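Printed here is work16.cif (mmCIF, C-alpha atoms and all ligand atoms):
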```cif
data_final
#
loop_
_atom_site.label_atom_id
_atom_site.label_comp_id
_atom_site.auth_asym_id
_atom_site.auth_seq_id
_atom_site.Cartn_x
_atom_site.Cartn_y
_atom_site.Cartn_z
CA MET A 44 14.58 5.25 -57.99
CA THR A 45 11.85 3.02 -56.60
CA THR A 46 9.48 4.26 -53.93
CA LEU A 47 8.68 1.77 -51.20
CA SER A 48 5.01 1.23 -50.44
CA LEU A 49 3.88 2.16 -46.93
CA SER A 50 3.64 -1.53 -46.06
CA ASP A 51 7.21 -2.11 -47.24
CA GLN A 52 8.32 0.88 -45.19
CA ALA A 53 6.48 -0.49 -42.15
CA ILE A 54 8.16 -3.89 -42.56
CA ALA A 55 11.54 -2.16 -42.87
CA ILE A 56 10.86 -0.28 -39.61
CA LEU A 57 10.04 -3.49 -37.73
CA ARG A 58 13.12 -5.17 -39.14
CA GLY A 59 15.26 -2.09 -38.45
CA ASN A 60 14.10 -1.83 -34.82
CA ASP A 61 14.62 -5.57 -34.26
CA ARG A 62 17.46 -6.14 -31.79
CA GLY A 63 17.38 -9.93 -32.08
CA GLY A 64 14.32 -11.43 -30.41
CA TYR A 65 12.85 -8.13 -29.30
CA THR A 66 12.06 -4.81 -30.92
CA VAL A 67 12.86 -1.35 -29.60
CA PRO A 68 10.04 1.20 -29.93
CA THR A 69 12.37 3.57 -31.78
CA GLU A 70 16.13 4.04 -32.04
CA GLY A 71 17.57 6.54 -29.52
CA LEU A 72 14.55 7.68 -27.49
CA TYR A 73 13.51 4.17 -26.40
CA PRO A 74 16.46 1.76 -26.68
CA TYR A 75 15.03 -1.20 -24.70
CA GLN A 76 12.09 -3.60 -24.87
CA TRP A 77 8.81 -1.99 -23.76
CA ASN A 78 5.89 -4.17 -22.80
CA TRP A 79 2.89 -2.94 -24.78
CA ASP A 80 5.10 -1.74 -27.63
CA SER A 81 6.32 -5.32 -28.00
CA ALA A 82 2.80 -6.69 -28.03
CA PHE A 83 2.00 -4.34 -30.91
CA ALA A 84 5.27 -5.34 -32.61
CA ALA A 85 4.16 -8.97 -32.50
CA TYR A 86 0.79 -8.00 -34.01
CA GLY A 87 2.68 -6.32 -36.88
CA PHE A 88 5.29 -9.07 -37.35
CA ALA A 89 2.46 -11.60 -37.65
CA GLU A 90 1.59 -10.03 -41.00
CA PHE A 91 4.83 -11.20 -42.58
CA ASP A 92 6.84 -13.37 -40.15
CA LEU A 93 4.74 -15.40 -37.71
CA PRO A 94 7.63 -17.18 -35.90
CA ARG A 95 9.26 -13.79 -35.25
CA ALA A 96 5.94 -12.50 -33.91
CA TRP A 97 5.78 -15.34 -31.37
CA GLN A 98 9.42 -14.76 -30.46
CA GLU A 99 8.61 -11.15 -29.48
CA ILE A 100 6.06 -12.41 -26.93
CA GLU A 101 8.41 -15.12 -25.69
CA THR A 102 11.19 -12.57 -25.13
CA LEU A 103 8.76 -10.30 -23.28
CA PHE A 104 7.97 -13.14 -20.87
CA SER A 105 11.69 -13.83 -20.37
CA GLY A 106 11.54 -10.82 -18.04
CA GLN A 107 8.58 -12.04 -15.98
CA TRP A 108 9.05 -11.69 -12.22
CA GLN A 109 8.54 -14.59 -9.85
CA ASN A 110 5.37 -12.89 -8.57
CA GLY A 111 3.92 -12.96 -12.11
CA MET A 112 4.46 -9.31 -13.02
CA VAL A 113 5.67 -8.63 -16.57
CA PRO A 114 7.67 -5.38 -16.41
CA HIS A 115 7.13 -2.36 -18.57
CA ILE A 116 10.79 -2.18 -19.64
CA LEU A 117 13.31 -5.00 -20.08
CA PHE A 118 16.86 -3.69 -20.09
CA HIS A 119 18.40 -6.40 -22.24
CA GLN A 120 21.58 -4.44 -22.91
CA LYS A 121 22.76 -1.24 -21.28
CA ASP A 122 22.25 1.98 -23.22
CA ASP A 123 23.29 5.34 -21.78
CA GLY A 124 20.88 7.16 -24.10
CA TYR A 125 17.91 6.43 -21.81
CA PHE A 126 17.05 7.65 -18.32
CA PRO A 127 16.06 6.16 -15.88
CA GLY A 128 18.07 3.03 -16.63
CA PRO A 129 18.44 -0.24 -14.68
CA ASP A 130 20.63 1.25 -11.93
CA VAL A 131 17.93 3.75 -11.05
CA TRP A 132 15.17 1.15 -10.92
CA GLY A 133 17.21 -1.16 -8.69
CA THR A 134 14.99 -4.21 -9.13
CA ASP A 135 17.64 -6.88 -9.63
CA LYS A 136 17.46 -8.32 -6.13
CA CYS A 137 13.67 -8.62 -5.99
CA SER A 138 12.51 -9.74 -9.43
CA GLY A 139 13.79 -13.32 -9.13
CA ASN A 140 14.83 -12.96 -12.75
CA ALA A 141 18.18 -12.52 -14.49
CA VAL A 142 16.86 -9.91 -16.93
CA SER A 143 17.13 -6.36 -15.54
CA SER A 144 13.86 -4.52 -15.64
CA SER A 145 11.70 -1.70 -14.37
CA GLY A 146 9.48 -2.43 -11.35
CA ILE A 147 6.03 -1.70 -12.79
CA SER A 148 3.93 -3.18 -15.58
CA GLN A 149 2.01 -1.69 -18.54
CA PRO A 150 -1.37 -2.09 -20.29
CA PRO A 151 -1.85 -5.82 -20.90
CA VAL A 152 -2.61 -5.94 -24.60
CA ALA A 153 -0.30 -8.93 -25.15
CA ALA A 154 -2.92 -11.68 -24.69
CA THR A 155 -5.21 -10.02 -27.22
CA PHE A 156 -2.50 -9.78 -29.87
CA THR A 157 -1.27 -13.27 -29.01
CA ARG A 158 -4.76 -14.49 -29.85
CA ALA A 159 -4.36 -12.77 -33.24
CA LEU A 160 -1.10 -14.71 -33.73
CA PHE A 161 -2.74 -17.91 -32.60
CA GLU A 162 -5.65 -17.55 -35.02
CA LYS A 163 -3.28 -17.13 -37.97
CA ASP A 164 -2.01 -20.70 -37.59
CA ILE A 165 -3.80 -22.74 -34.92
CA ALA A 166 -1.52 -25.80 -34.98
CA PHE A 167 1.66 -23.70 -34.68
CA GLY A 168 -0.10 -21.42 -32.22
CA LYS A 169 -1.07 -24.31 -29.92
CA GLU A 170 2.54 -25.43 -29.76
CA LYS A 171 3.71 -21.92 -28.84
CA LEU A 172 0.86 -21.15 -26.49
CA GLU A 173 1.32 -24.31 -24.39
CA ALA A 174 4.52 -22.76 -23.01
CA LEU A 175 3.06 -19.28 -22.56
CA PHE A 176 -0.45 -19.84 -21.24
CA ASP A 177 0.42 -20.27 -17.54
CA LYS A 178 2.70 -17.24 -17.73
CA PHE A 179 -0.17 -15.13 -19.01
CA VAL A 180 -2.40 -16.44 -16.22
CA ALA A 181 0.29 -15.53 -13.67
CA TRP A 182 0.60 -12.01 -15.08
CA HIS A 183 -3.14 -11.32 -15.23
CA GLY A 184 -3.49 -12.80 -11.74
CA TRP A 185 -0.80 -10.38 -10.52
CA PHE A 186 -2.92 -7.45 -11.79
CA MET A 187 -6.02 -8.83 -10.09
CA ARG A 188 -4.16 -9.35 -6.79
CA HIS A 189 -1.97 -6.26 -6.65
CA ARG A 190 -3.85 -3.62 -8.63
CA GLY A 191 -7.48 -4.65 -8.26
CA GLU A 192 -8.59 -3.65 -4.76
CA SER A 193 -11.17 -1.10 -5.98
CA GLY A 194 -12.72 -3.49 -8.50
CA ALA A 195 -11.16 -1.54 -11.37
CA ILE A 196 -7.42 -1.86 -12.06
CA CYS A 197 -5.17 0.89 -10.75
CA VAL A 198 -1.74 2.17 -11.63
CA THR A 199 0.97 2.83 -9.06
CA HIS A 200 2.94 5.06 -11.41
CA PRO A 201 1.80 7.20 -14.38
CA TRP A 202 4.18 5.15 -16.58
CA GLU A 203 2.25 1.99 -15.70
CA SER A 204 -0.75 3.37 -17.61
CA GLY A 205 1.31 3.92 -20.76
CA ARG A 206 -0.24 7.43 -20.83
CA ASP A 207 2.54 9.10 -18.88
CA ASN A 208 1.42 12.74 -18.69
CA ALA A 209 -2.33 12.31 -19.22
CA ALA A 210 -4.44 14.90 -17.39
CA ASP A 211 -5.92 11.93 -15.48
CA TRP A 212 -2.93 11.99 -13.16
CA ASP A 213 -2.68 15.75 -12.51
CA ALA A 214 -4.48 15.89 -9.15
CA ALA A 215 -2.82 12.74 -7.78
CA MET A 216 0.59 13.98 -8.93
CA ALA A 217 0.00 17.40 -7.36
CA ASN A 218 -0.19 15.60 -4.00
CA VAL A 219 3.29 14.08 -4.40
CA ASP A 220 6.10 15.87 -2.61
CA ALA A 221 8.98 15.78 -5.09
CA SER A 222 11.27 18.16 -3.22
CA ASN A 223 13.85 15.49 -2.39
CA VAL A 224 14.33 14.14 -5.86
CA GLY A 225 17.83 15.62 -6.32
CA ASP A 226 19.70 16.28 -9.56
CA TYR A 227 19.31 14.09 -12.59
CA THR A 228 19.73 14.39 -16.34
CA ARG A 229 16.84 13.57 -18.59
CA ARG A 230 17.74 11.97 -21.90
CA ASP A 231 14.34 12.06 -23.62
CA THR A 232 14.54 15.81 -24.28
CA SER A 233 17.85 15.35 -26.10
CA HIS A 234 16.07 13.10 -28.62
CA VAL A 235 12.75 14.96 -28.95
CA ASN A 236 11.49 18.56 -28.77
CA PRO A 237 10.88 19.19 -25.02
CA GLU A 238 7.52 20.82 -25.81
CA MET A 239 6.25 17.45 -26.97
CA ARG A 240 7.33 15.71 -23.74
CA PRO A 241 6.31 15.72 -20.06
CA THR A 242 7.49 18.72 -18.00
CA LYS A 243 10.34 18.87 -15.47
CA ARG A 244 7.83 18.80 -12.58
CA ASP A 245 6.27 15.66 -14.17
CA TYR A 246 9.69 13.99 -14.17
CA ASP A 247 10.38 15.02 -10.57
CA VAL A 248 7.16 13.27 -9.56
CA TYR A 249 7.81 10.21 -11.74
CA LEU A 250 11.16 9.79 -9.99
CA SER A 251 9.81 10.39 -6.47
CA ILE A 252 7.20 7.66 -6.95
CA LEU A 253 9.83 5.32 -8.37
CA TYR A 254 12.30 6.02 -5.52
CA PHE A 255 9.66 5.29 -2.88
CA ALA A 256 8.95 1.86 -4.36
CA ARG A 257 12.61 1.07 -4.94
CA ASP A 258 13.57 2.09 -1.41
CA ASN A 259 10.87 -0.26 -0.17
CA GLY A 260 12.23 -3.18 -2.17
CA TRP A 261 9.31 -3.10 -4.68
CA ASP A 262 7.17 -4.64 -1.95
CA GLU A 263 3.60 -4.60 -3.29
CA GLN A 264 2.02 -4.52 0.15
CA ARG A 265 4.12 -1.49 1.14
CA ILE A 266 3.25 0.22 -2.14
CA LEU A 267 -0.45 -0.51 -1.56
CA ASP A 268 -0.36 0.77 2.03
CA ASP A 269 1.92 3.81 1.72
CA GLY A 270 2.86 4.35 -1.95
CA LEU A 271 2.65 7.90 -3.27
CA PHE A 272 0.34 7.26 -6.19
CA ARG A 273 -2.61 4.91 -6.73
CA VAL A 274 -5.15 5.77 -9.41
CA ALA A 275 -7.79 3.46 -10.94
CA ASP A 276 -7.29 3.67 -14.68
CA PRO A 277 -9.67 3.08 -17.61
CA THR A 278 -6.77 1.93 -19.85
CA LEU A 279 -5.62 -0.81 -17.49
CA THR A 280 -9.14 -1.87 -16.62
CA PHE A 281 -10.46 -2.06 -20.18
CA THR A 282 -7.33 -3.69 -21.64
CA LEU A 283 -7.20 -6.31 -18.87
CA LEU A 284 -10.88 -7.13 -19.27
CA ARG A 285 -10.38 -7.66 -23.00
CA ALA A 286 -7.15 -9.58 -22.39
CA ASN A 287 -8.93 -11.90 -19.96
CA ARG A 288 -11.64 -12.64 -22.51
CA ASP A 289 -8.98 -13.52 -25.10
CA LEU A 290 -6.96 -15.55 -22.60
CA LYS A 291 -10.08 -17.49 -21.67
CA TRP A 292 -10.76 -18.24 -25.32
CA MET A 293 -7.17 -19.43 -25.82
CA GLY A 294 -7.37 -21.55 -22.68
CA GLU A 295 -10.45 -23.26 -24.05
CA GLN A 296 -8.60 -24.05 -27.29
CA LEU A 297 -5.90 -25.74 -25.19
CA GLY A 298 -8.46 -27.62 -23.10
CA ARG A 299 -7.44 -25.79 -19.89
CA ASP A 300 -9.59 -25.03 -16.87
CA VAL A 301 -10.56 -21.38 -17.33
CA SER A 302 -12.81 -20.96 -14.30
CA GLU A 303 -10.37 -18.60 -12.56
CA ILE A 304 -10.24 -16.36 -15.65
CA ASP A 305 -14.02 -16.45 -15.81
CA GLY A 306 -14.10 -15.10 -12.27
CA TRP A 307 -11.76 -12.25 -13.25
CA ILE A 308 -14.01 -11.33 -16.17
CA VAL A 309 -17.08 -11.16 -13.95
CA ALA A 310 -15.16 -9.11 -11.35
CA LEU A 311 -13.89 -6.62 -13.92
CA GLU A 312 -17.29 -6.25 -15.60
CA GLU A 313 -18.52 -5.15 -12.19
CA GLY A 314 -15.37 -3.12 -11.40
CA VAL A 315 -15.62 -1.07 -14.60
CA LYS A 316 -18.83 0.46 -13.21
CA SER A 317 -16.79 2.14 -10.45
CA LEU A 318 -15.03 4.21 -13.13
CA TRP A 319 -18.26 5.86 -14.31
CA ASN A 320 -18.13 9.53 -13.34
CA GLU A 321 -21.73 10.75 -13.25
CA ASP A 322 -20.64 14.41 -13.23
CA ILE A 323 -19.11 14.20 -16.71
CA GLY A 324 -21.13 11.18 -17.89
CA CYS A 325 -18.03 9.22 -18.82
CA TYR A 326 -15.54 6.57 -17.69
CA ASP A 327 -12.83 8.39 -15.80
CA ALA A 328 -9.69 7.82 -13.73
CA LYS A 329 -10.20 7.78 -9.95
CA ASP A 330 -7.61 8.62 -7.31
CA LEU A 331 -7.83 5.79 -4.79
CA ARG A 332 -6.05 7.86 -2.14
CA THR A 333 -8.64 10.67 -2.17
CA GLY A 334 -11.63 8.91 -3.75
CA LEU A 335 -11.91 11.71 -6.31
CA PHE A 336 -12.44 11.39 -10.04
CA ALA A 337 -10.01 13.18 -12.35
CA GLY A 338 -12.85 14.81 -14.31
CA ASN A 339 -11.49 14.29 -17.83
CA VAL A 340 -12.88 12.75 -21.00
CA THR A 341 -9.91 11.00 -22.62
CA SER A 342 -9.51 8.55 -25.48
CA ALA A 343 -8.99 5.80 -22.88
CA ALA A 344 -12.74 5.87 -22.16
CA PHE A 345 -13.41 4.82 -25.76
CA LEU A 346 -11.75 1.47 -24.99
CA CYS A 347 -15.05 0.31 -23.45
CA TRP A 348 -16.00 -1.35 -26.75
CA TYR A 349 -12.59 -3.04 -26.96
CA ALA A 350 -13.37 -4.45 -23.50
CA GLY A 351 -16.66 -5.86 -24.81
CA ILE A 352 -18.84 -3.25 -23.13
CA ASP A 353 -21.23 -1.65 -25.60
CA ASP A 354 -22.04 1.41 -23.56
CA LYS A 355 -24.33 3.65 -25.64
CA ARG A 356 -23.74 6.52 -23.21
CA MET A 357 -20.23 6.84 -24.69
CA LEU A 358 -21.42 7.37 -28.28
CA PRO A 359 -22.14 11.12 -27.98
CA HIS A 360 -18.64 11.68 -26.59
CA LEU A 361 -17.16 9.72 -29.47
CA GLU A 362 -19.17 11.71 -32.04
CA ARG A 363 -18.04 14.92 -30.37
CA PHE A 364 -14.35 13.88 -30.58
CA LEU A 365 -14.78 12.84 -34.23
CA ILE A 366 -16.26 16.24 -35.10
CA ALA A 367 -13.80 18.26 -33.01
CA SER A 368 -10.58 17.11 -34.68
CA PRO A 369 -9.80 16.82 -38.38
CA HIS A 370 -7.53 13.96 -37.31
CA ALA A 371 -9.30 11.97 -34.61
CA VAL A 372 -9.12 10.62 -31.91
CA ALA A 373 -7.53 13.28 -29.69
CA SER A 374 -6.14 11.76 -26.48
CA LEU A 375 -7.81 14.48 -24.39
CA ASP A 376 -11.10 16.29 -24.93
CA PRO A 377 -10.22 19.27 -27.20
CA THR A 378 -12.49 21.48 -25.07
CA SER A 379 -10.51 20.70 -21.89
CA PRO A 380 -8.43 23.52 -20.41
CA HIS A 381 -5.56 20.98 -20.17
CA TYR A 382 -5.66 20.16 -23.89
CA ASN A 383 -2.41 20.66 -25.83
CA PRO A 384 -2.30 19.19 -29.37
CA LYS A 385 1.47 18.63 -29.30
CA ARG A 386 2.27 17.42 -25.77
CA TYR A 387 2.36 13.64 -25.66
CA TRP A 388 -0.82 12.35 -23.91
CA ARG A 389 -2.50 15.74 -23.40
CA GLY A 390 -4.09 15.96 -26.84
CA PRO A 391 -2.14 14.22 -29.63
CA VAL A 392 -3.62 11.33 -31.63
CA TRP A 393 -2.00 7.93 -31.10
CA VAL A 394 -2.41 5.43 -33.93
CA ILE A 395 -2.09 2.58 -31.44
CA VAL A 396 -4.95 3.81 -29.28
CA ASN A 397 -6.99 4.42 -32.42
CA THR A 398 -6.28 0.82 -33.41
CA LEU A 399 -7.60 -0.50 -30.09
CA ILE A 400 -10.65 1.79 -30.25
CA GLY A 401 -11.24 0.77 -33.86
CA ILE A 402 -11.01 -2.96 -33.09
CA GLY A 403 -13.57 -2.47 -30.32
CA LEU A 404 -15.93 -0.46 -32.50
CA GLU A 405 -15.75 -3.07 -35.25
CA ASP A 406 -16.46 -5.85 -32.77
CA ALA A 407 -19.49 -3.94 -31.51
CA GLY A 408 -20.76 -3.26 -35.05
CA TYR A 409 -20.02 0.48 -35.25
CA ARG A 410 -18.56 0.20 -38.71
CA SER A 411 -18.76 3.81 -39.86
CA GLU A 412 -17.09 5.16 -36.71
CA ALA A 413 -14.33 2.55 -37.02
CA GLU A 414 -13.91 3.48 -40.68
CA ARG A 415 -13.54 7.17 -39.89
CA ILE A 416 -10.81 6.32 -37.37
CA ARG A 417 -9.06 3.96 -39.78
CA SER A 418 -9.01 6.52 -42.57
CA ASP A 419 -7.76 9.26 -40.23
CA CYS A 420 -4.88 6.98 -39.22
CA ALA A 421 -4.10 6.22 -42.87
CA ARG A 422 -4.05 9.93 -43.74
CA LEU A 423 -1.78 10.72 -40.80
CA ILE A 424 0.72 8.03 -41.77
CA GLU A 425 0.56 8.89 -45.49
CA GLY A 426 1.24 12.55 -44.65
CA GLY A 427 3.63 12.29 -41.70
CA GLY A 428 5.17 8.82 -41.72
CA PHE A 429 5.27 6.33 -38.85
CA ALA A 430 5.60 8.85 -36.03
CA GLU A 431 5.00 8.18 -32.35
CA TYR A 432 1.93 10.46 -32.29
CA PHE A 433 0.34 13.29 -34.29
CA ASP A 434 -1.25 16.69 -33.85
CA PRO A 435 -5.02 16.14 -34.16
CA GLU A 436 -5.51 19.60 -35.68
CA ASP A 437 -2.98 19.80 -38.50
CA GLY A 438 -1.76 16.20 -38.58
CA THR A 439 1.92 17.05 -38.06
CA PRO A 440 4.01 14.12 -36.77
CA ALA A 441 5.30 14.50 -33.20
CA GLY A 442 7.50 12.73 -30.66
CA GLY A 443 9.85 10.01 -31.88
CA GLY A 444 10.08 9.04 -35.56
CA VAL A 445 10.04 5.60 -37.25
CA PHE A 446 8.02 4.03 -34.50
CA THR A 447 7.59 0.27 -34.23
CA TRP A 448 4.01 0.30 -32.97
CA THR A 449 2.78 2.79 -35.54
CA ALA A 450 4.30 0.62 -38.28
CA ALA A 451 2.78 -2.50 -36.72
CA SER A 452 -0.65 -0.89 -36.46
CA TRP A 453 -0.43 0.07 -40.12
CA LEU A 454 0.33 -3.51 -41.16
CA ALA A 455 -2.20 -5.27 -38.95
CA TRP A 456 -5.16 -2.88 -38.80
CA VAL A 457 -4.92 0.52 -40.52
CA SER A 458 -4.08 -0.80 -43.99
CA LYS A 459 -6.59 -3.65 -43.84
CA ASP A 460 -9.69 -3.79 -45.95
CA PRO A 461 -12.44 -3.09 -43.39
CA LYS A 462 -14.45 -5.99 -44.79
CA GLU A 463 -11.74 -8.38 -43.62
CA ALA A 464 -11.44 -6.77 -40.21
C1 LIG B 1 9.37 7.17 -21.05
O1 LIG B 1 10.53 7.02 -20.67
O2 LIG B 1 8.94 8.18 -21.61
C2 LIG B 1 8.47 6.07 -20.92
O3 LIG B 1 7.19 6.34 -21.37
C3 LIG B 1 8.46 5.47 -19.58
O4 LIG B 1 8.03 4.20 -19.84
#
```

How would this structure read if it were set down as structure tokens?
Ligand code: DGY
Amino acid sequence: MTTLSLSDQAIAILRGNDRGGYTVPTEGLYPYQWNWDSAFAAYGFAEFDLPRAWQEIETLFSGQWQNGMVPHILFHQKDDGYFPGPDVWGTDKCSGNAVSSSGISQPPVAATFTRALFEKDIAFGKEKLEALFDKFVAWHGWFMRHRGESGAICVTHPWESGRDNAADWDAAMANVDASNVGDYTRRDTSHVNPEMRPTKRDYDVYLSILYFARDNGWDEQRILDDGLFRVADPTLTFTLLRANRDLKWMGEQLGRDVSEIDGWIVALEEGVKSLWNEDIGCYDAKDLRTGLFAGNVTSAAFLCWYAGIDDKRMLPHLERFLIASPHAVASLDPTSPHYNPKRYWRGPVWVIVNTLIGIGLEDAGYRSEAERIRSDCARLIEGGGFAEYFDPEDGTPAGGGVFTWTAASWLAWVSKDPKEA
């Protein structure tokens, strides 16, 4: 019997989760195309099949709305194993697009990974990028217009952050009246241990926020004025800032006018400052409805380096997280009363977030910190496979198994010789 290497296993996962032009995050739990999952998938595919990597990004943009938004889920083919599906989102009449989708977006890491694709083969990349560049500009412009009123970028739904049940949203979610949400059947808890997933109250709130937007025709102005949830988010802000820098660079390679993107970069560099919570000495989420910070140190704050902001004030927090967990980086401060090492975004380590943090640390020259994170990821995958996330204390795999983005991160960053990175 031959044993497949981890890289061969990772390639097999990407191929196995390929549904023809797009990749599902994992069979069963997530049966559609997710936005930032797909961007990671492209980053992984680029290690062994560059045309397929570009196709993943092209398929993602096939769901772009007329207003520029690129949705967080594209429902290419109906699957009853997931809730809430296309009928619940009810976006078909307002997207201006034939592909059914959700009505919110997700962290914009796609431009950054598209740059990685582009740099692998510039001539091929230029050909591909010519058709995609304006679409990226439209998407990033949508964030700046519809999520950027505080200077930082906000989320209108916890799912838009990609960090669904992070403690960052607790106070804002506590203010949502979810009493009219009615009966529904969750499907996620039939695929995964419920203790590793958001709670029933979390889901009631997720649906209430969704229903408000749907019942108002996904009208961004209505959502801005009266929506139930609006929280400025370090993930969105840092990933968009980085994405704008990479989009600008790609625009220059194509000979495009990048002055508008330049303006967005300057605005976000300024806007990031509004996320600094002096009380905890850290970047933090801020509820735009109440003006209050969430008061948590999360792994999202360590994306400052990924965004090109070398903020030395963040180094002691990082050192603290690296010491606190045998398997870093916990998604929530292990000393927080809300910390839970098994429950999704309230403590577990995510290889994909570690990859983004690691890329940023390497760019900023913090080699030994990046190395620690890379080797923790490698140990987690060697011990527990390509799981969705892991317990930072004992390294046990959690959530969904055979995950596309964990496999992709292995191929494109974790398994790389740091000298090449
Ligand atoms: C889910 O269904 O858990 C997703 O994270 C929503 O995007």

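Nearest to Thr280 (chain A) of all the residues A:Gly444, A:Gly338, A:Pro151, A:Gly390 is A:Pro151, counting all atoms listed in the file.
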
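Between CA of Ile252 (chain A) and CA of Ala181 (chain A) lies a distance of 25.1 Å.
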
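Using all atoms listed in the file, the protein and nucleic acid residues lying no more than 7 Å from region 88-99 of chain A, apart from those fewer than 3 places from it along its own chain, are Gly64, Tyr65, Ser81, Ala84, Ala85, Thr102, Leu103, Leu160, Leu454 and Ala455 of chain A.
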
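The spacing separating CA of Ser342 (chain A) from CA of Leu423 (chain A) amounts to 17.3 Å.
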
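With all atoms listed in the file as the atoms that count, the set of residues no farther than 9 Å from ligand LIG 1 (chain B) is Leu72, Tyr73, Trp77, His115, Ile116, Tyr125, Phe126, Pro127, Ser145, Gln149, Pro201, Trp202, Glu203, Gly205, Arg206, Asp207, Arg230, Asp231, Arg240 and Pro241 of chain A.
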
By how many Å are CA of Ala373 (chain A) and CA of Val392 (chain A) apart? 4.8 Å

Which residue, A:Met112, A:Leu297, A:Ala343, A:Tyr249, has the smallest gap to Trp261 (chain A) when you use only C-alpha atoms? A:Met112

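Remark: for Ile424 (chain A), the closest of the candidate residues A:Gln52, A:Ser374, A:Ser222, A:Thr278 is A:Gln52 (distances computed over only C-alpha atoms).
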
May I have the residues within 12 Å of Asn223 (chain A) as an NGL selection string, using all atoms listed in the file and disregarding those fewer than 5 positions away in the same chain? :A and (247-248 or 250-252 or 254-255)

For region 156-158 of chain A, work out the shell of residues within 8 Å, counting all atoms listed in the file and skipping chain neighbours fewer than 2 positions away, then give it as JSON, numbers by chain. {"A": [82, 83, 85, 86, 97, 100, 152, 153, 154, 160, 161, 162, 289, 290, 293]}

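Contact shell of Arg273 (chain A) at 7 Å (all atoms listed in the file; same-chain neighbours under 6 positions omitted): Cys197, Val198, Thr199, Asp330, Leu331 and Arg332 of chain A.
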
Would you list the contacts of Val142 (chain A) as a PyMOL selection string, taking every protein, DNA or RNA residue within 7 Å and counting only C-alpha atoms, but skipping same-chain residues closer than 5 positions in sequence? chain A and resi 106+117-119

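For the choices A:Pro391, A:Leu271, A:Arg58, A:Val131, the atom-to-atom distance to Tyr227 (chain A) is smallest for A:Val131 when using all atoms listed in the file.
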
Save region 365-377 of chain A to disk from that block, N, CA and C atoms included, as a PDB file, in the first residue's frame.
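File written: part.pdb
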```pdb
ATOM      1  N   LEU A 365       1.194  33.556  21.034  1.00  0.00           N
ATOM      2  CA  LEU A 365       2.092  32.461  20.648  1.00  0.00           C
ATOM      3  C   LEU A 365       2.501  31.642  21.874  1.00  0.00           C
ATOM      4  N   ILE A 366       2.609  32.311  23.013  1.00  0.00           N
ATOM      5  CA  ILE A 366       2.977  31.605  24.249  1.00  0.00           C
ATOM      6  C   ILE A 366       1.765  30.858  24.823  1.00  0.00           C
ATOM      7  N   ALA A 367       0.589  31.469  24.691  1.00  0.00           N
ATOM      8  CA  ALA A 367      -0.599  30.917  25.359  1.00  0.00           C
ATOM      9  C   ALA A 367      -1.060  29.577  24.791  1.00  0.00           C
ATOM     10  N   SER A 368      -0.851  29.347  23.500  1.00  0.00           N
ATOM     11  CA  SER A 368      -1.403  28.128  22.891  1.00  0.00           C
ATOM     12  C   SER A 368      -0.289  27.274  22.301  1.00  0.00           C
ATOM     13  N   PRO A 369      -0.293  25.976  22.622  1.00  0.00           N
ATOM     14  CA  PRO A 369       0.680  25.107  21.966  1.00  0.00           C
ATOM     15  C   PRO A 369       0.513  25.119  20.444  1.00  0.00           C
ATOM     16  N   HIS A 370      -0.721  25.365  20.010  1.00  0.00           N
ATOM     17  CA  HIS A 370      -1.000  25.431  18.564  1.00  0.00           C
ATOM     18  C   HIS A 370      -1.595  26.805  18.272  1.00  0.00           C
ATOM     19  N   ALA A 371      -0.758  27.743  17.929  1.00  0.00           N
ATOM     20  CA  ALA A 371      -1.223  29.118  17.690  1.00  0.00           C
ATOM     21  C   ALA A 371      -1.704  29.237  16.230  1.00  0.00           C
ATOM     22  N   VAL A 372      -2.511  30.223  15.884  1.00  0.00           N
ATOM     23  CA  VAL A 372      -2.921  31.387  16.648  1.00  0.00           C
ATOM     24  C   VAL A 372      -4.395  31.202  17.018  1.00  0.00           C
ATOM     25  N   ALA A 373      -4.728  31.223  18.294  1.00  0.00           N
ATOM     26  CA  ALA A 373      -6.136  31.106  18.680  1.00  0.00           C
ATOM     27  C   ALA A 373      -6.924  32.261  18.063  1.00  0.00           C
ATOM     28  N   SER A 374      -8.189  31.990  17.698  1.00  0.00           N
ATOM     29  CA  SER A 374      -8.978  33.057  17.063  1.00  0.00           C
ATOM     30  C   SER A 374      -9.479  34.078  18.079  1.00  0.00           C
ATOM     31  N   LEU A 375      -9.501  33.705  19.359  1.00  0.00           N
ATOM     32  CA  LEU A 375      -9.870  34.662  20.405  1.00  0.00           C
ATOM     33  C   LEU A 375      -8.849  34.527  21.533  1.00  0.00           C
ATOM     34  N   ASP A 376      -8.555  35.658  22.161  1.00  0.00           N
ATOM     35  CA  ASP A 376      -7.625  35.687  23.292  1.00  0.00           C
ATOM     36  C   ASP A 376      -7.953  34.563  24.286  1.00  0.00           C
ATOM     37  N   PRO A 377      -7.023  33.637  24.532  1.00  0.00           N
ATOM     38  CA  PRO A 377      -7.306  32.529  25.459  1.00  0.00           C
ATOM     39  C   PRO A 377      -7.627  32.983  26.887  1.00  0.00           C
TER      40      PRO A 377
END
```
